[in-house]
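Visitor: entry21.json is the file, holding JSON, C-alpha atoms:
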[["chain", "number", "residue", "atom", "x", "y", "z"],
["A", 10, "MET", "CA", 0.00, 0.00, 0.00],
["A", 11, "ASN", "CA", 1.10, 3.52, -0.55],
["A", 12, "LYS", "CA", 2.97, 5.50, 2.05],
["A", 13, "ILE", "CA", 0.09, 7.82, 2.87],
["A", 14, "LEU", "CA", -2.15, 4.88, 3.74],
["A", 15, "ASN", "CA", 0.52, 3.28, 5.93],
["A", 16, "LYS", "CA", 1.28, 6.56, 7.69],
["A", 17, "PHE", "CA", -2.20, 7.91, 8.31],
["A", 18, "PHE", "CA", -4.88, 5.29, 7.89],
["A", 19, "LEU", "CA", -5.82, 3.10, 10.83],
["A", 20, "SER", "CA", -5.56, -0.63, 10.32],
["A", 21, "PRO", "CA", -8.56, -2.91, 10.92],
["A", 22, "PHE", "CA", -8.68, -5.72, 13.46],
["A", 23, "THR", "CA", -5.96, -4.22, 15.63],
["A", 24, "GLN", "CA", -6.03, -7.23, 17.92],
["A", 25, "LYS", "CA", -4.07, -10.32, 16.91],
["A", 26, "ALA", "CA", -6.28, -12.10, 14.43],
["A", 27, "GLY", "CA", -7.22, -15.74, 14.62],
["A", 28, "ILE", "CA", -5.76, -16.50, 18.03],
["A", 29, "ALA", "CA", -8.84, -17.98, 19.67],
["A", 30, "ILE", "CA", -7.43, -20.38, 22.25],
["A", 31, "ALA", "CA", -10.93, -21.77, 22.76],
["A", 32, "GLY", "CA", -10.40, -23.59, 19.48],
["A", 33, "LEU", "CA", -7.42, -25.50, 20.80],
["A", 34, "THR", "CA", -9.41, -28.21, 22.53],
["A", 35, "ALA", "CA", -9.95, -31.88, 21.96],
["A", 36, "ALA", "CA", -13.11, -31.02, 20.05],
["A", 37, "THR", "CA", -11.13, -29.04, 17.48],
["A", 38, "LEU", "CA", -8.79, -31.94, 16.85],
["A", 39, "ILE", "CA", -11.66, -34.44, 16.72],
["A", 40, "ILE", "CA", -10.05, -36.72, 19.25],
["A", 41, "SER", "CA", -11.91, -39.86, 20.12],
["A", 42, "GLY", "CA", -13.28, -40.06, 23.63],
["A", 43, "CYS", "CA", -11.88, -43.53, 24.20],
["A", 44, "GLY", "CA", -8.42, -44.06, 22.76],
["A", 45, "LYS", "CA", -7.44, -47.57, 21.74],
["A", 46, "SER", "CA", -3.69, -47.07, 21.79],
["A", 47, "ASP", "CA", -1.05, -45.25, 23.77],
["A", 48, "PRO", "CA", -0.71, -42.47, 21.13],
["A", 49, "ASP", "CA", -4.48, -41.89, 21.24],
["A", 50, "ASN", "CA", -4.39, -41.67, 25.02],
["A", 51, "LEU", "CA", -1.38, -39.35, 24.96],
["A", 52, "LEU", "CA", -3.05, -37.11, 22.42],
["A", 53, "ARG", "CA", -6.20, -36.89, 24.50],
["A", 54, "GLU", "CA", -4.10, -36.12, 27.59],
["A", 55, "ALA", "CA", -2.22, -33.41, 25.66],
["A", 56, "ALA", "CA", -5.51, -31.83, 24.62],
["A", 57, "ASN", "CA", -6.73, -31.92, 28.23],
["A", 58, "SER", "CA", -3.47, -30.33, 29.41],
["A", 59, "ALA", "CA", -3.87, -27.62, 26.76],
["A", 60, "ALA", "CA", -7.44, -26.95, 27.85],
["A", 61, "ALA", "CA", -6.12, -26.52, 31.41],
["A", 62, "GLY", "CA", -3.42, -24.11, 30.24],
["A", 63, "GLN", "CA", -0.60, -26.56, 30.98],
["A", 64, "TRP", "CA", 1.18, -26.05, 27.68],
["A", 65, "LYS", "CA", 4.63, -27.35, 28.64],
["A", 66, "LYS", "CA", 3.04, -30.59, 29.75],
["A", 67, "ALA", "CA", 1.01, -30.64, 26.54],
["A", 68, "ILE", "CA", 4.22, -30.42, 24.51],
["A", 69, "ASP", "CA", 5.73, -33.43, 26.31],
["A", 70, "GLN", "CA", 2.59, -35.50, 25.83],
["A", 71, "ALA", "CA", 2.14, -34.45, 22.18],
["A", 72, "GLU", "CA", 5.77, -35.27, 21.37],
["A", 73, "LYS", "CA", 5.24, -38.78, 22.73],
["A", 74, "ALA", "CA", 2.01, -39.10, 20.74],
["A", 75, "VAL", "CA", 3.83, -38.10, 17.55],
["A", 76, "ALA", "CA", 6.65, -40.54, 18.26],
["A", 77, "GLY", "CA", 4.09, -43.30, 18.80],
["A", 78, "ASP", "CA", 2.14, -42.58, 15.60],
["A", 79, "ARG", "CA", 3.92, -40.43, 13.01],
["A", 80, "ASN", "CA", 1.01, -40.79, 10.59],
["A", 81, "ASN", "CA", -1.48, -39.08, 12.92],
["A", 82, "PRO", "CA", -1.87, -35.46, 11.74],
["A", 83, "ASN", "CA", -3.82, -34.50, 14.87],
["A", 84, "ALA", "CA", -0.84, -35.36, 17.07],
["A", 85, "LYS", "CA", 1.38, -33.08, 14.97],
["A", 86, "VAL", "CA", -1.22, -30.32, 15.04],
["A", 87, "MET", "CA", -1.48, -30.57, 18.82],
["A", 88, "LEU", "CA", 2.30, -30.38, 19.15],
["A", 89, "GLY", "CA", 2.44, -27.41, 16.78],
["A", 90, "ILE", "CA", -0.30, -25.58, 18.66],
["A", 91, "ALA", "CA", 1.45, -26.14, 21.97],
["A", 92, "HIS", "CA", 4.72, -24.77, 20.59],
["A", 93, "TYR", "CA", 2.80, -21.83, 19.11],
["A", 94, "VAL", "CA", 1.23, -20.90, 22.42],
["A", 95, "ARG", "CA", 4.62, -21.20, 24.12],
["A", 96, "ARG", "CA", 5.94, -18.83, 21.40],
["A", 97, "ASN", "CA", 8.31, -21.41, 19.97],
["A", 98, "LEU", "CA", 7.33, -20.20, 16.53],
["A", 99, "GLU", "CA", 10.12, -21.84, 14.52],
["A", 100, "LYS", "CA", 9.37, -25.23, 16.07],
["A", 101, "ALA", "CA", 5.64, -24.67, 15.58],
["A", 102, "GLU", "CA", 6.19, -23.81, 11.92],
["A", 103, "ASP", "CA", 8.32, -26.90, 11.33],
["A", 104, "VAL", "CA", 5.82, -29.29, 12.94],
["A", 105, "LEU", "CA", 2.76, -27.72, 11.36],
["A", 106, "SER", "CA", 4.43, -27.56, 7.96],
["A", 107, "ARG", "CA", 4.85, -31.32, 8.03],
["A", 108, "ALA", "CA", 1.29, -31.78, 9.30],
["A", 109, "ALA", "CA", -0.17, -29.58, 6.56],
["A", 110, "LYS", "CA", 1.82, -31.34, 3.83],
["A", 111, "ALA", "CA", 0.84, -34.80, 5.05],
["A", 112, "ALA", "CA", -2.83, -33.97, 5.61],
["A", 113, "PRO", "CA", -4.13, -31.51, 2.97],
["A", 114, "GLU", "CA", -7.73, -32.27, 3.98],
["A", 115, "ASN", "CA", -7.16, -31.54, 7.68],
["A", 116, "PHE", "CA", -8.59, -28.11, 8.48],
["A", 117, "SER", "CA", -6.66, -27.66, 11.72],
["A", 118, "ALA", "CA", -3.34, -28.51, 10.07],
["A", 119, "GLN", "CA", -3.86, -25.92, 7.31],
["A", 120, "TYR", "CA", -5.32, -23.27, 9.61],
["A", 121, "PHE", "CA", -2.67, -23.37, 12.31],
["A", 122, "TYR", "CA", 0.19, -23.60, 9.83],
["A", 123, "GLY", "CA", -1.16, -20.46, 8.19],
["A", 124, "LEU", "CA", -1.58, -18.79, 11.57],
["A", 125, "VAL", "CA", 2.04, -19.41, 12.58],
["A", 126, "LEU", "CA", 3.27, -18.03, 9.24],
["A", 127, "TYR", "CA", 1.02, -14.99, 9.72],
["A", 128, "GLU", "CA", 2.43, -14.45, 13.20],
["A", 129, "GLN", "CA", 5.89, -14.29, 11.65],
["A", 130, "GLU", "CA", 4.64, -11.76, 9.09],
["A", 131, "ASN", "CA", 5.16, -14.20, 6.25],
["A", 132, "TYR", "CA", 1.87, -13.15, 4.68],
["A", 133, "ALA", "CA", 2.49, -14.44, 1.14],
["A", 134, "LYS", "CA", 3.44, -17.92, 2.34],
["A", 135, "ALA", "CA", 0.57, -17.99, 4.85],
["A", 136, "LEU", "CA", -2.04, -17.54, 2.14],
["A", 137, "ASN", "CA", -1.56, -21.01, 0.64],
["A", 138, "PRO", "CA", -2.52, -23.08, 3.73],
["A", 139, "LEU", "CA", -5.16, -20.53, 4.74],
["A", 140, "ARG", "CA", -6.78, -20.79, 1.31],
["A", 141, "LYS", "CA", -6.80, -24.59, 1.67],
["A", 142, "ALA", "CA", -8.44, -24.19, 5.09],
["A", 143, "PHE", "CA", -11.07, -21.93, 3.53],
["A", 144, "GLN", "CA", -11.90, -24.59, 0.95],
["A", 145, "LEU", "CA", -12.48, -27.02, 3.80],
["A", 146, "ARG", "CA", -14.48, -24.64, 6.00],
["A", 147, "LYS", "CA", -15.99, -21.36, 4.95],
["A", 148, "ASP", "CA", -17.70, -20.62, 8.26],
["A", 149, "ASN", "CA", -14.76, -19.81, 10.54],
["A", 150, "PRO", "CA", -14.54, -16.08, 11.41],
["A", 151, "ASP", "CA", -10.97, -16.31, 12.73],
["A", 152, "LEU", "CA", -9.86, -17.84, 9.44],
["A", 153, "LEU", "CA", -11.64, -15.12, 7.46],
["A", 154, "ILE", "CA", -9.90, -12.42, 9.49],
["A", 155, "LEU", "CA", -6.51, -14.04, 8.92],
["A", 156, "LEU", "CA", -7.13, -14.33, 5.20],
["A", 157, "SER", "CA", -8.27, -10.74, 4.91],
["A", 158, "ARG", "CA", -5.30, -9.46, 6.91],
["A", 159, "CYS", "CA", -2.86, -11.34, 4.68],
["A", 160, "CYS", "CA", -4.56, -9.85, 1.63],
["A", 161, "ILE", "CA", -4.55, -6.33, 3.08],
["A", 162, "GLN", "CA", -0.83, -6.60, 3.82],
["A", 163, "GLN", "CA", -0.22, -7.51, 0.17],
["A", 164, "ASN", "CA", -2.87, -5.21, -1.29],
["A", 165, "LEU", "CA", -4.84, -8.09, -2.86],
["A", 166, "LYS", "CA", -8.44, -7.55, -3.96],
["A", 167, "GLU", "CA", -9.01, -11.17, -3.00],
["A", 168, "GLY", "CA", -9.41, -9.93, 0.57],
["A", 169, "THR", "CA", -12.79, -8.38, -0.21],
["A", 170, "ARG", "CA", -14.13, -11.88, -0.86],
["A", 171, "TYR", "CA", -13.32, -13.05, 2.65],
["A", 172, "LEU", "CA", -14.56, -9.84, 4.23],
["A", 173, "GLN", "CA", -17.87, -10.08, 2.41],
["A", 174, "VAL", "CA", -18.29, -13.56, 3.89],
["A", 175, "LEU", "CA", -17.27, -12.28, 7.33],
["A", 176, "ARG", "CA", -19.89, -9.54, 7.32],
["A", 177, "ARG", "CA", -22.61, -12.22, 7.19],
["A", 178, "PHE", "CA", -21.71, -13.15, 10.75],
["A", 179, "ARG", "CA", -23.83, -11.14, 13.15],
["A", 180, "ASN", "CA", -20.99, -10.25, 15.51],
["A", 181, "TYR", "CA", -18.97, -8.82, 12.63],
["A", 182, "GLY", "CA", -21.59, -7.52, 10.24],
["A", 183, "LYS", "CA", -22.84, -4.98, 12.75],
["A", 184, "GLU", "CA", -19.36, -3.67, 13.58],
["A", 185, "PRO", "CA", -17.38, -1.11, 11.54],
["A", 186, "GLU", "CA", -14.09, -3.06, 11.29],
["A", 187, "VAL", "CA", -15.18, -5.23, 8.36],
["A", 188, "TYR", "CA", -16.30, -2.24, 6.31],
["A", 189, "ASN", "CA", -13.16, -0.30, 7.19],
["A", 190, "SER", "CA", -11.08, -3.27, 6.04],
["A", 191, "ILE", "CA", -12.87, -3.45, 2.70],
["A", 192, "ALA", "CA", -12.30, 0.28, 2.31],
["A", 193, "LEU", "CA", -8.58, -0.20, 2.94],
["A", 194, "ILE", "CA", -8.32, -2.71, 0.12],
["A", 195, "TRP", "CA", -10.14, -0.46, -2.35],
["A", 196, "LEU", "CA", -8.05, 2.46, -1.18],
["A", 197, "GLY", "CA", -4.90, 0.49, -1.91],
["A", 198, "HIS", "CA", -6.17, 0.04, -5.47],
["A", 199, "ARG", "CA", -7.05, 3.73, -5.77],
["A", 200, "ASN", "CA", -10.74, 3.00, -6.17],
["A", 201, "TYR", "CA", -11.79, 5.94, -4.05],
["A", 202, "ASP", "CA", -15.49, 5.63, -4.81],
["A", 203, "MET", "CA", -15.63, 2.12, -3.37],
["A", 204, "ALA", "CA", -13.41, 3.13, -0.45],
["A", 205, "GLU", "CA", -15.75, 6.00, 0.36],
["A", 206, "LYS", "CA", -18.80, 3.73, 0.10],
["A", 207, "TYR", "CA", -17.47, 1.32, 2.70],
["A", 208, "LEU", "CA", -16.10, 4.01, 5.00],
["A", 209, "LEU", "CA", -19.55, 5.55, 5.11],
["A", 210, "GLU", "CA", -21.04, 2.13, 5.84],
["A", 211, "ALA", "CA", -18.60, 1.81, 8.74],
["A", 212, "LYS", "CA", -19.82, 5.19, 10.03],
["A", 213, "ASP", "CA", -23.42, 4.03, 9.77],
["A", 214, "LYS", "CA", -22.58, 1.11, 12.06],
["A", 215, "LYS", "CA", -20.92, 3.28, 14.73],
["A", 216, "PRO", "CA", -21.60, 7.00, 14.06],
["A", 217, "ARG", "CA", -19.73, 8.16, 17.18],
["A", 218, "ASN", "CA", -16.74, 5.84, 16.96],
["A", 219, "PRO", "CA", -13.51, 7.93, 17.04],
["A", 220, "VAL", "CA", -11.58, 5.51, 14.82],
["A", 221, "VAL", "CA", -14.27, 5.49, 12.15],
["A", 222, "LEU", "CA", -14.54, 9.28, 12.22],
["A", 223, "GLN", "CA", -10.78, 9.69, 12.02],
["A", 224, "ASN", "CA", -10.60, 7.35, 9.04],
["A", 225, "LEU", "CA", -13.24, 9.37, 7.22],
["A", 226, "ALA", "CA", -11.45, 12.60, 8.05],
["A", 227, "VAL", "CA", -8.14, 11.25, 6.77],
["A", 228, "PHE", "CA", -9.83, 9.96, 3.63],
["A", 229, "TYR", "CA", -11.34, 13.31, 2.72],
["A", 230, "ASP", "CA", -8.18, 15.14, 3.77],
["A", 231, "ARG", "CA", -5.51, 13.04, 2.05],
["A", 232, "TYR", "CA", -7.32, 11.34, -0.81],
["A", 233, "ARG", "CA", -10.24, 13.55, -1.83],
["A", 234, "GLN", "CA", -8.70, 16.89, -0.85],
["A", 235, "ASN", "CA", -12.18, 17.84, 0.33],
["A", 236, "ILE", "CA", -11.24, 20.11, 3.23],
["A", 237, "LYS", "CA", -14.84, 20.94, 4.13],
["A", 238, "LYS", "CA", -15.74, 17.29, 4.76],
["A", 239, "ALA", "CA", -12.36, 16.59, 6.33],
["A", 240, "LEU", "CA", -12.91, 19.37, 8.87],
["A", 241, "LYS", "CA", -16.38, 18.06, 9.66],
["A", 242, "TYR", "CA", -15.12, 14.59, 10.50],
["A", 243, "TYR", "CA", -11.99, 15.78, 12.30],
["A", 244, "ARG", "CA", -14.20, 17.89, 14.58],
["A", 245, "ARG", "CA", -16.58, 15.00, 15.17],
["A", 246, "CYS", "CA", -13.60, 12.75, 15.87],
["A", 247, "LEU", "CA", -12.21, 15.25, 18.35],
["A", 248, "GLN", "CA", -15.50, 15.37, 20.24],
["A", 249, "ALA", "CA", -15.84, 11.58, 20.22],
["A", 250, "SER", "CA", -12.23, 11.14, 21.38],
["A", 251, "MET", "CA", -12.69, 13.55, 24.26],
["A", 252, "ARG", "CA", -15.90, 11.77, 25.22],
["A", 253, "VAL", "CA", -13.98, 8.53, 25.81],
["A", 254, "ASP", "CA", -10.82, 10.21, 27.17],
["A", 255, "ASP", "CA", -8.73, 9.18, 24.18],
["A", 256, "ASN", "CA", -6.24, 11.99, 24.66],
["A", 257, "GLU", "CA", -3.64, 10.67, 22.24],
["A", 258, "ARG", "CA", -6.09, 10.61, 19.36],
["A", 259, "ALA", "CA", -7.56, 13.95, 20.38],
["A", 260, "ASN", "CA", -4.10, 15.58, 20.34],
["A", 261, "LYS", "CA", -3.33, 14.22, 16.88],
["A", 262, "VAL", "CA", -6.61, 15.54, 15.55],
["A", 263, "ARG", "CA", -6.05, 18.97, 17.16],
["A", 264, "ASN", "CA", -2.63, 19.17, 15.52],
["A", 265, "ARG", "CA", -4.07, 18.38, 12.11],
["A", 266, "LEU", "CA", -6.85, 20.93, 12.61],
["A", 267, "ARG", "CA", -4.23, 23.57, 13.41],
["A", 268, "GLU", "CA", -2.27, 22.65, 10.27],
["A", 269, "LEU", "CA", -5.39, 22.94, 8.13],
["A", 270, "ALA", "CA", -6.23, 26.26, 9.70],
["A", 271, "LYS", "CA", -2.76, 27.61, 8.79],
["A", 272, "GLU", "CA", -3.04, 26.26, 5.26],
["A", 273, "ARG", "CA", -6.30, 28.13, 4.74],
["A", 274, "ILE", "CA", -4.88, 31.49, 5.81]]
Output the file's structure as structure tokens, nothing else.
Guide:
Amino acid sequence: MNKILNKFFLSPFTQKAGIAIAGLTAATLIISGCGKSDPDNLLREAANSAAAGQWKKAIDQAEKAVAGDRNNPNAKVMLGIAHYVRRNLEKAEDVLSRAAKAAPENFSAQYFYGLVLYEQENYAKALNPLRKAFQLRKDNPDLLILLSRCCIQQNLKEGTRYLQVLRRFRNYGKEPEVYNSIALIWLGHRNYDMAEKYLLEAKDKKPRNPVVLQNLAVFYDRYRQNIKKALKYYRRCLQASMRVDDNERANKVRNRLRELAKERI
């Protein structure tokens, strides 16, 4: 994306995307409730340890499960997840890479391999396993966020596809982040009409949200050179920021308002 966008525009989904630990349970890995072998039992124990937050123990148990059954992709996924949570990202990538290659139809293997690559800012490489995960399951919001973030980082229109799916989910469709993200992609492709359309939709979702108002102000200021509209949204943003005691944002907006005032003299 261009330098103006990187410098001024606020990124969507500011929290780490796709890191829902609730998904790291035995249910996610489809582990049988009654294992018939030691590796099955070890894998179930590793999942239980993970659910209890005992990740070091989960690593030990998952390693033994992998050693006992190297053809079980779930054991590798469990081991990769445990390393990921412990922030052993290189080890997690290595294990999950092998899991994803050996089990192309395993959603968890593709998803978590893509997640680890995303965490290391390897967005181009992350897209391949994440796309495979999307083909297997199109109803996972965390996956859709990861896919859209990878696309935004590389300025790919493909990201609008995943965001349009994401907006169908109630918890996301009523929030401004999805619309702001779509606007970012169109902005990166200099389609200002589409960017404006989605920024205004974001405003309709949260009319008094300081981030949304700032994004609109920056858009009209830097991209449309429409100072009248820019001033309107900067002032609204200032009021909204003060209302929630966001002093840092308020100060930035005040500074820009002063600069615009000098430019108009």
Visitor: In Å, how far is it from atom CA of Arg258 of chain A to atom CA of Val220 of chain A?
Guide: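 About the pair atom CA of Arg258 of chain A and atom CA of Val220 of chain A: they are 8.8 Å apart.
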Visitor: Find the distance between atom CA of Val262 of chain A and atom CA of Cys246 of chain A and write it in Å to one decimal.
Guide: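 It comes out at 7.5 Å.
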Visitor: Give me, please, the distance in Å between atom CA of Ile236 of chain A and atom CA of Asn189 of chain A, quoted to one decimal.
Guide: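 Pair atom CA of Ile236 of chain A / atom CA of Asn189 of chain A returns 20.9 Å.
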Visitor: Excluding Arg146 of chain A and any residue of its chain fewer than 2 positions from it, enumerate the residues within 12 Å of it, using all atoms listed in the file, and give them as a short mmCIF file (atom, residue, chain, number, x, y, z; two decimals) with C-alpha atoms, in the coordinates of the input.
Guide:
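Saved as around06.cif:
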data_model
loop_
_atom_site.label_atom_id
_atom_site.label_comp_id
_atom_site.auth_asym_id
_atom_site.auth_seq_id
_atom_site.Cartn_x
_atom_site.Cartn_y
_atom_site.Cartn_z
CA GLU A 114 -7.73 -32.27 3.98
CA ASN A 115 -7.16 -31.54 7.68
CA PHE A 116 -8.59 -28.11 8.48
CA SER A 117 -6.66 -27.66 11.72
CA GLN A 119 -3.86 -25.92 7.31
CA TYR A 120 -5.32 -23.27 9.61
CA LEU A 139 -5.16 -20.53 4.74
CA ARG A 140 -6.78 -20.79 1.31
CA LYS A 141 -6.80 -24.59 1.67
CA ALA A 142 -8.44 -24.19 5.09
CA PHE A 143 -11.07 -21.93 3.53
CA GLN A 144 -11.90 -24.59 0.95
CA ASP A 148 -17.70 -20.62 8.26
CA ASN A 149 -14.76 -19.81 10.54
CA PRO A 150 -14.54 -16.08 11.41
CA ASP A 151 -10.97 -16.31 12.73
CA LEU A 152 -9.86 -17.84 9.44
CA LEU A 153 -11.64 -15.12 7.46
CA VAL A 174 -18.29 -13.56 3.89
#
Visitor: May I ask which of the residues A:Trp195, A:Asn224, A:Ala74, A:Ala111 is the closest one to Leu209 of chain A, counting only C-alpha atoms?
Guide: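 Ranked by minimum distance to Leu209 of chain A, first place goes to A:Asn224.
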Visitor: Given the point (-14.3, 13.2, 3.5) in the file's coordinates, find the residues that have an atom at most 10 Å from it, counting all atoms listed in the file, and give them as a PyMOL selection string.
Guide: chain A and resi 205+208-209+222-243
Visitor: Counting only C-alpha atoms, note down every residue that has an atom within 8 Å of the point (-12.1, 4.4, -1.3) (file coordinates), as a ChimeraX atom specification.
Guide: /A:192-193,195-196,199-208,228
Visitor: I'd like the contact shell of Arg263 of chain A - 9 Å cut-off, only C-alpha atoms, skipping same-chain residues fewer than 3 positions apart - returned as a list in words.
Guide: Tyr243, Arg244, Leu247, Arg258, Ala259, Asn260, Leu266, Arg267 and Glu268 of chain A
Visitor: Which of these, A:Lys66, A:Arg245, A:Lys271, A:His198, has the shortest distance to Met87 of chain A once you count all atoms listed in the file?
Guide: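 Smallest separation from Met87 of chain A among the options: A:Lys66.
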Visitor: Return as JSON the box centre and box size in Å, one decimal, for an axis-aligned box around all listed atoms of segment 233-251 of chain A padded by 5 Å per side.
Guide:
{"center_x": -12.6, "center_y": 16.0, "center_z": 11.2, "size_x": 17.9, "size_y": 19.8, "size_z": 36.1}
Visitor: Considering all atoms listed in the file, can you say which of A:Arg107, A:Arg176, A:Arg158, A:Lys261 comes closest to Glu130 of chain A?
Guide: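 Closest candidate: A:Arg158.
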Visitor: Counting only C-alpha atoms, what are the residues of segment 181-244 of chain A within 7 Å of segment 249-257 of chain A, and for each of them which pair of atoms is the nearest and at what distance in Å, to one decimal? Sort the table by chain and rising number, as a tab-separated table.
Guide:
residue	atom	partner	partner_atom	distance
A:Arg217	CA	A:Ala249	CA	6.0
A:Asn218	CA	A:Ala249	CA	6.7
A:Pro219	CA	A:Ala249	CA	5.4
Visitor: N, CA and C atoms for segment 101-124 of chain A, written as a PDB file, in the coordinates of the input, could you do that?
Guide:
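Now in result.pdb:
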ATOM      1  N   ALA A 101       7.042 -24.530  15.978  1.00  0.00           N
ATOM      2  CA  ALA A 101       5.640 -24.670  15.580  1.00  0.00           C
ATOM      3  C   ALA A 101       5.519 -24.716  14.068  1.00  0.00           C
ATOM      4  N   GLU A 102       6.256 -23.837  13.387  1.00  0.00           N
ATOM      5  CA  GLU A 102       6.190 -23.810  11.920  1.00  0.00           C
ATOM      6  C   GLU A 102       6.678 -25.127  11.323  1.00  0.00           C
ATOM      7  N   ASP A 103       7.768 -25.660  11.862  1.00  0.00           N
ATOM      8  CA  ASP A 103       8.320 -26.900  11.330  1.00  0.00           C
ATOM      9  C   ASP A 103       7.330 -28.054  11.490  1.00  0.00           C
ATOM     10  N   VAL A 104       6.754 -28.192  12.679  1.00  0.00           N
ATOM     11  CA  VAL A 104       5.820 -29.290  12.940  1.00  0.00           C
ATOM     12  C   VAL A 104       4.555 -29.140  12.110  1.00  0.00           C
ATOM     13  N   LEU A 105       4.018 -27.935  12.076  1.00  0.00           N
ATOM     14  CA  LEU A 105       2.760 -27.720  11.360  1.00  0.00           C
ATOM     15  C   LEU A 105       2.949 -27.783   9.852  1.00  0.00           C
ATOM     16  N   SER A 106       4.136 -27.422   9.383  1.00  0.00           N
ATOM     17  CA  SER A 106       4.430 -27.560   7.960  1.00  0.00           C
ATOM     18  C   SER A 106       4.323 -29.015   7.531  1.00  0.00           C
ATOM     19  N   ARG A 107       4.900 -29.887   8.337  1.00  0.00           N
ATOM     20  CA  ARG A 107       4.850 -31.320   8.030  1.00  0.00           C
ATOM     21  C   ARG A 107       3.422 -31.855   8.143  1.00  0.00           C
ATOM     22  N   ALA A 108       2.682 -31.342   9.133  1.00  0.00           N
ATOM     23  CA  ALA A 108       1.290 -31.780   9.300  1.00  0.00           C
ATOM     24  C   ALA A 108       0.445 -31.353   8.111  1.00  0.00           C
ATOM     25  N   ALA A 109       0.628 -30.109   7.670  1.00  0.00           N
ATOM     26  CA  ALA A 109      -0.170 -29.580   6.560  1.00  0.00           C
ATOM     27  C   ALA A 109       0.147 -30.316   5.256  1.00  0.00           C
ATOM     28  N   LYS A 110       1.425 -30.639   5.047  1.00  0.00           N
ATOM     29  CA  LYS A 110       1.820 -31.340   3.830  1.00  0.00           C
ATOM     30  C   LYS A 110       1.278 -32.760   3.812  1.00  0.00           C
ATOM     31  N   ALA A 111       1.286 -33.406   4.968  1.00  0.00           N
ATOM     32  CA  ALA A 111       0.840 -34.800   5.050  1.00  0.00           C
ATOM     33  C   ALA A 111      -0.677 -34.932   5.060  1.00  0.00           C
ATOM     34  N   ALA A 112      -1.371 -33.883   5.481  1.00  0.00           N
ATOM     35  CA  ALA A 112      -2.830 -33.970   5.610  1.00  0.00           C
ATOM     36  C   ALA A 112      -3.496 -32.743   4.982  1.00  0.00           C
ATOM     37  N   PRO A 113      -3.545 -32.674   3.651  1.00  0.00           N
ATOM     38  CA  PRO A 113      -4.130 -31.510   2.970  1.00  0.00           C
ATOM     39  C   PRO A 113      -5.617 -31.320   3.249  1.00  0.00           C
ATOM     40  N   GLU A 114      -6.300 -32.370   3.699  1.00  0.00           N
ATOM     41  CA  GLU A 114      -7.730 -32.270   3.980  1.00  0.00           C
ATOM     42  C   GLU A 114      -8.019 -32.022   5.461  1.00  0.00           C
ATOM     43  N   ASN A 115      -6.985 -31.785   6.244  1.00  0.00           N
ATOM     44  CA  ASN A 115      -7.160 -31.540   7.680  1.00  0.00           C
ATOM     45  C   ASN A 115      -7.228 -30.033   7.912  1.00  0.00           C
ATOM     46  N   PHE A 116      -8.389 -29.548   8.303  1.00  0.00           N
ATOM     47  CA  PHE A 116      -8.590 -28.110   8.480  1.00  0.00           C
ATOM     48  C   PHE A 116      -7.630 -27.532   9.502  1.00  0.00           C
ATOM     49  N   SER A 117      -7.504 -28.185  10.648  1.00  0.00           N
ATOM     50  CA  SER A 117      -6.660 -27.660  11.720  1.00  0.00           C
ATOM     51  C   SER A 117      -5.207 -27.546  11.291  1.00  0.00           C
ATOM     52  N   ALA A 118      -4.726 -28.533  10.537  1.00  0.00           N
ATOM     53  CA  ALA A 118      -3.340 -28.510  10.070  1.00  0.00           C
ATOM     54  C   ALA A 118      -3.103 -27.298   9.169  1.00  0.00           C
ATOM     55  N   GLN A 119      -4.015 -27.052   8.237  1.00  0.00           N
ATOM     56  CA  GLN A 119      -3.860 -25.920   7.310  1.00  0.00           C
ATOM     57  C   GLN A 119      -4.030 -24.595   8.037  1.00  0.00           C
ATOM     58  N   TYR A 120      -5.031 -24.521   8.904  1.00  0.00           N
ATOM     59  CA  TYR A 120      -5.320 -23.270   9.610  1.00  0.00           C
ATOM     60  C   TYR A 120      -4.167 -22.843  10.504  1.00  0.00           C
ATOM     61  N   PHE A 121      -3.691 -23.753  11.345  1.00  0.00           N
ATOM     62  CA  PHE A 121      -2.670 -23.370  12.310  1.00  0.00           C
ATOM     63  C   PHE A 121      -1.305 -23.171  11.665  1.00  0.00           C
ATOM     64  N   TYR A 122      -1.046 -23.870  10.573  1.00  0.00           N
ATOM     65  CA  TYR A 122       0.190 -23.600   9.830  1.00  0.00           C
ATOM     66  C   TYR A 122       0.134 -22.182   9.261  1.00  0.00           C
ATOM     67  N   GLY A 123      -0.993 -21.825   8.692  1.00  0.00           N
ATOM     68  CA  GLY A 123      -1.160 -20.460   8.190  1.00  0.00           C
ATOM     69  C   GLY A 123      -1.058 -19.420   9.286  1.00  0.00           C
ATOM     70  N   LEU A 124      -1.614 -19.729  10.446  1.00  0.00           N
ATOM     71  CA  LEU A 124      -1.580 -18.790  11.570  1.00  0.00           C
ATOM     72  C   LEU A 124      -0.143 -18.525  12.027  1.00  0.00           C
TER      73      LEU A 124
END
